[in-house]
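> Handing you this structure, nothing more for now.
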Amino acid sequence: MTETRANTKKLFIKTYGCQMNVYDSDRMGDALAPHGYEPTLDIAQADLVLLNTCHIREKASEKVFSELGRLKELQTERRAMGSDMMIGVAGCVAQAEGEEIARRAPVVDMVFGPQAYHRLPDMLARAEAQRHMHPSLKQAVIDTDFPEEDKFEHLPLPQKEVTIKRGLTAFLTVQEGCDKFCSFCVVPYTRGAEVSRPVAQVLAEARALVDAGVKEITLLGQNVNAYHGDDNGRPVGLGELAYRLAEIAGLERLRYTTSHPRDMDDALIAAHRDLDILMPYLHLPVQSGSDSILKAMNRRHTAAEYMRLIERIKTARPDMALSGDFIVGFPGETDQDFEDTLRIIADVGYASAYSFKYSTRPGTPGANLPDQIAEEVKTERLYRLQELVNRQTTAFHASCVGKTLPVLIERPGRMPGQVGGRSPYLQAVHLPGGTELIGGIHQVEVVGTSTNSLVGQLKVAAAA
């Protein structure tokens, strides 16, 4: 096993789920860096393993327990070699099932929810003290409270040398929690009420990222367009925040996710009209095209209202491409309800979409609804929906052929003499070129498509 440097410990974080968890994992690493922890990609080297969990997917907790079983074996091997490994479970599964995790998996040293990351060094010290106790007295450190203090006030800004290693793009959480209480969703119970970070705090972190070489920032929130950050006593919405971020020299691109249709206000739509930095790609989930199902989901909008909103957005930004989320087989969904969903997909013309079969989440209102849909019906509906979305995605990619798009070149390609990056529409783009292109936004002519990406060639300006 490779020896670590003196006074340096290795940290391995396994991240499940959404982009916000990716951001949270990075910030946990930032919080532990001053205490001697540096990241490793080799779990066998880790002195501390953190599982940053997500409760959105089906059987999420069982996947965590399965992973903990494998970690127990690895920990036993480490102890046989005279070293050790601490284990922590973070995130939404930890928030929802903290006591159960500690009971079922004594191998775990710490269990903590998304609002406790700023207390991680203190929890780690307490957990280390517990390890010197007799096994019969040892207890996992559990922190699943929703604290009154702002965790972001206590988390350090990303360090420049660490951020450089992360690359040209970065996530930045501006809003957490949810007040919508959709009947299928656990987020209000695991992330808590909607909270927005102060404007000054967001701008400071964005500047730190740009100073470290980040060119593109994606703003994150469970309901990111519900952002209402304080600016010297005045609430600021996401639209105004976008204008403020656009003033940061060196920031080339701005995105945000995930949005709720009810929070897509005039100011944010105007920002899409006015700001070139705001990319023309919007993730705006509708979940269903049936008004009766939308009501049962407690989405608080109708299909017609959603379509009118799409029309307003595309009027403001004609080149806007949309992505969405869809749940099939929600309790009570009839054949006609499903056909209504296919119709709204056809009418919008999505560039991409995420789609899932409904599965119950304990503690949510949807779990207790009658008329649960048979699994084989959900499977058949999901297949039909995904077939339609895949056709639309293929058509959208094909529509880009012959166009010249600005592409942020991020990395070497898989093939020698090739580089890769992202279009404004988040499409992967591969093209011939040297590594000197990395870090710049270059005009690329799209000459073809592959299964999940575009094929391009560098557009060379004509001689004067």
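Labels used: A, B, ... for chains in the order of the structure tokens, numbers from 1 for residues in each chain, and numbers from 1 for ligands as shown.
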Write out, as a tab-separated table, each residue of range 60-103 of chain A that has an atom at most 12 Å from range 8-16 of chain A, together with the closest pair of atoms and their distance in Å to one decimal, counting only C-alpha atoms, rows going by chain and rising number.


residue	atom	partner	partner_atom	distance
A:Ala60	CA	A:Tyr16	CA	9.3
A:Ser61	CA	A:Tyr16	CA	11.3
A:Lys63	CA	A:Tyr16	CA	10.2
A:Val64	CA	A:Tyr16	CA	9.6
A:Glu67	CA	A:Lys14	CA	10.1
A:Leu68	CA	A:Lys14	CA	11.6
A:Leu71	CA	A:Lys14	CA	11.7
A:Ser83	CA	A:Lys9	CA	11.7
A:Asp84	CA	A:Lys9	CA	11.2
A:Met85	CA	A:Lys10	CA	9.7
A:Met86	CA	A:Leu11	CA	9.7
A:Ile87	CA	A:Phe12	CA	9.8
A:Gly88	CA	A:Ile13	CA	9.4
A:Val89	CA	A:Lys14	CA	9.8
A:Ala90	CA	A:Thr15	CA	9.5
A:Gly91	CA	A:Tyr16	CA	9.0
A:Cys92	CA	A:Tyr16	CA	10.0
A:Val93	CA	A:Tyr16	CA	10.3

> Give me the range 318-424 of chain A side of the contact with range 289-310 of chain A, cut-off 8 Å, one line per residue showing its nearest atom pair and distance in Å at one decimal, counting only C-alpha atoms, sorted by chain and residue number, as a Markdown table.


| residue | atom | partner | partner_atom | distance |
| --- | --- | --- | --- | --- |
| A:Phe330 | CA | A:Ile293 | CA | 7.4 |
| A:Gly332 | CA | A:Ile293 | CA | 7.6 |
| A:Glu333 | CA | A:Ile293 | CA | 6.6 |
| A:Asp337 | CA | A:Ser290 | CA | 5.0 |
| A:Phe338 | CA | A:Ser290 | CA | 7.2 |
| A:Asp340 | CA | A:Gly289 | CA | 5.0 |
| A:Thr341 | CA | A:Gly289 | CA | 3.8 |
| A:Leu342 | CA | A:Gly289 | CA | 7.3 |
| A:Arg343 | CA | A:Gly289 | CA | 7.2 |
| A:Ile344 | CA | A:Gly289 | CA | 5.6 |
| A:Ile345 | CA | A:Gly289 | CA | 8.0 |
| A:Val348 | CA | A:Met307 | CA | 7.6 |
| A:Gly366 | CA | A:Met297 | CA | 7.6 |

> Within 9 Å of Cys178 in chain A, counting only C-alpha atoms, which residues qualify if same-chain residues fewer than 3 places away don't, as a PyMOL selection string?

chain A and resi 181+187-189+191-195+221-223

> For a test of reading the model, state the distance in Å between CA of Tyr256 in chain A and CA of Val447 in chain A, rounded to one decimal.

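Between CA of Tyr256 in chain A and CA of Val447 in chain A the gap works out to 28.5 Å.
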
> For range 429-439 of chain A, list every protein, DNA or RNA residue within 7 Å, evaluated using only C-alpha atoms, and leave out those in the same chain fewer than 2 positions away; present the list as a list in words.

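Neighbouring residues, sequence-local ones excluded: Leu168, Leu408, Ile409, Glu410, Arg411, Pro412, Gly413, Gly417, Gln418, Val419, Gly420, Gly421, Arg422, Ser423, Gln427, Ile441, Ser453, Leu454, Val455, Gly456 and Gln457 of chain A.
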